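Heads up: the structure comes next, in structure tokens.
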Amino acid sequence: MSEFRRLFMETTDIDPFAKCITIASACNLVFRKNFLQPETIAIIPPHGYTPQDEQSVQTLKWLRYTAEKENIYIQHAGNTGEQRIGPYRVDGFHQESNTVFEYNGDFWHGCSKCFARETKNPVTGNTMGELYEKTLQRRRHLITQGYRVVEKWECELKKELNENEEMREYFDTCIVAEPLEPRQALFGGRTNATKLYHEAQEGEKIKYVDFTSLYPWANKYCEYPLGHPEIISENLGPLEELNKSPVGFLAGVLLKRINNAISQSTARMKESV
């Protein structure tokens, strides 16, 4: 053991027993310290790539509904990200008509119809009157900059949904997905026996195949993306095209956690009737 440690340190200038408990982790440390080039592995921001674009589900549904009804493209957090205008990021923006779309949550913007001015917002620490004034100030700034502003208050939208069946049906069926977290795509610690028992027939040869150290093998022989990803949130195409299993594979390519267990499934194209 001491000879192994001496040779390892002499070759790599790293003590394998100082920070590592497996040969795989020791090799990974050698790679990171001695061979990894700067600016090649992106560090995922703690709150994701677009934390400033977090919007309520109702906001995105309203913007999508408005875009479809008016047959226009509205830029928002669910597609290419919120548009910045001066000190503000606006919920939605239609470039051709220079129109800003703003969805005002009653609680966060101090709706004057729903709250008394002196009521204190327990989250922000401001009074509802102060939040309402900030909302008006924001609106005045956008108008003075030459933008047309279309506002929708939360309470107004609720009233419309109660009265407009077509609009309510759209909201009920509109799916707004949460932003993907890249780390959730990493799956480790899998063990699996595809077939637990097989009785060999006369003259039949059977084999046992064991895959070990898959992670270091992937690090050595497989390709890794460099830099930060391009964030694509819409128009991905049918899921079946992303999850087609290679010929002969028993399991699908995409994985999912169901009841804290990892599942692999194959997607089949449904024949049209």
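Residues are named by chain letter and number: chains run A, B, ... in the order of the structure tokens, numbers start at 1 in each chain, and ligands are numbered from 1 in the order shown.
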**Study point:** Which of segment 33-136 of chain A DSSP labels strand (DSSP E), written as a ChimeraX atom specification
**Key:** /A:75-76,83-85,88-90,92-94,99-104
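For Thr59 of chain A, the non-local neighbours within 10 Å, defined as residues at least 2 positions apart in the same chain or in other chains and counting only C-alpha atoms, are Gln55, Ser56, Val57, Lys61, Trp62, Leu63, Arg64, Tyr65, His76, Ala77, Gly78, Asp91, Gly92, Phe101, Glu102, Tyr103, Asn104, Gly105, Lys152, Glu154 and Leu157 of chain A.
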Please save C-alpha atoms of the selected residues as a compact mmCIF listing (two decimals), in the first residue's frame.
```
# COMPACT_ATOMS: atom_id res chain seq x y z
CA GLN A 55 -43.28 33.74 -13.15
CA SER A 56 -46.48 32.33 -11.84
CA VAL A 57 -48.27 29.67 -13.83
CA LYS A 61 -51.12 30.94 -19.21
CA TRP A 62 -52.54 34.44 -19.62
CA LEU A 63 -49.71 35.47 -21.94
CA ARG A 64 -50.11 32.33 -24.05
CA TYR A 65 -53.86 32.80 -24.21
CA HIS A 76 -41.92 36.00 -21.99
CA ALA A 77 -40.09 33.83 -19.46
CA GLY A 78 -41.53 30.67 -20.98
CA ASP A 91 -43.82 39.92 -18.04
CA GLY A 92 -44.56 39.95 -21.77
CA PHE A 101 -48.01 42.93 -21.03
CA GLU A 102 -48.02 42.99 -17.23
CA TYR A 103 -49.72 40.49 -14.91
CA ASN A 104 -50.16 41.91 -11.42
CA GLY A 105 -50.66 39.46 -8.59
CA LYS A 152 -54.16 42.25 -16.03
CA GLU A 154 -55.17 38.69 -10.66
CA LEU A 157 -58.48 37.36 -14.39
```
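Remark: for Ala42 of chain A, the closest of the candidate residues A:Phe17, A:Tyr224, A:Phe115, A:Tyr215 is A:Tyr224 (distances computed over only C-alpha atoms).
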Exercise for review: Enumerate the residues of segment 84-237 of chain A with a DSSP assignment of alpha helix (DSSP H), computed from the backbone, and present them as a PyMOL selection string.
Suggested key: chain A and resi 106-109+128-144+154-163+165-173+214-221
Check your understanding: Got a sec: who's within 7 Å of segment 88-90 of chain A, counting only C-alpha atoms, leaving out chain neighbours fewer than 4 positions off, as a ChimeraX atom specification?
Key -> /A:82-84,100,102
Save the residues we just selected, C-alpha atoms, as an mmCIF file, in the first residue's frame?
```
data_model
loop_
_atom_site.group_PDB
_atom_site.id
_atom_site.type_symbol
_atom_site.label_atom_id
_atom_site.label_comp_id
_atom_site.auth_asym_id
_atom_site.auth_seq_id
_atom_site.Cartn_x
_atom_site.Cartn_y
_atom_site.Cartn_z
ATOM 1 C CA GLU A 82 -38.320 38.423 -20.173
ATOM 2 C CA GLN A 83 -37.556 41.665 -21.994
ATOM 3 C CA ARG A 84 -35.646 44.270 -19.997
ATOM 4 C CA VAL A 100 -45.839 45.510 -22.777
ATOM 5 C CA GLU A 102 -48.022 42.990 -17.227
#
```
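Between Tyr132 of chain A and the candidates A:Thr144, A:Asn162, A:Asp106, A:Val150, the tightest atom-to-atom separation, counting only C-alpha atoms, involves A:Asp106.
Separating atom CA of Ser25 of chain A from atom CA of Met9 of chain A is a distance of 14.8 Å.
The coordinates place atom CA of Met128 of chain A at 7.8 Å from atom CA of Ser112 of chain A.
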Practice item. Considering only C-alpha atoms, state which residue in the set A:Lys159, A:Arg148, A:Lys19, A:Lys33 is at the smallest distance from Gln95 of chain A. Key: A:Arg148
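Taking atom CA of Ala67 of chain A and atom CA of Glu163 of chain A as the two end points, the separation is 20.1 Å.
Here the question is which of A:Ile43, A:Ala26, A:Tyr170, A:Ser97 gets nearest to Lys69 of chain A using only C-alpha atoms, and that residue is A:Tyr170.
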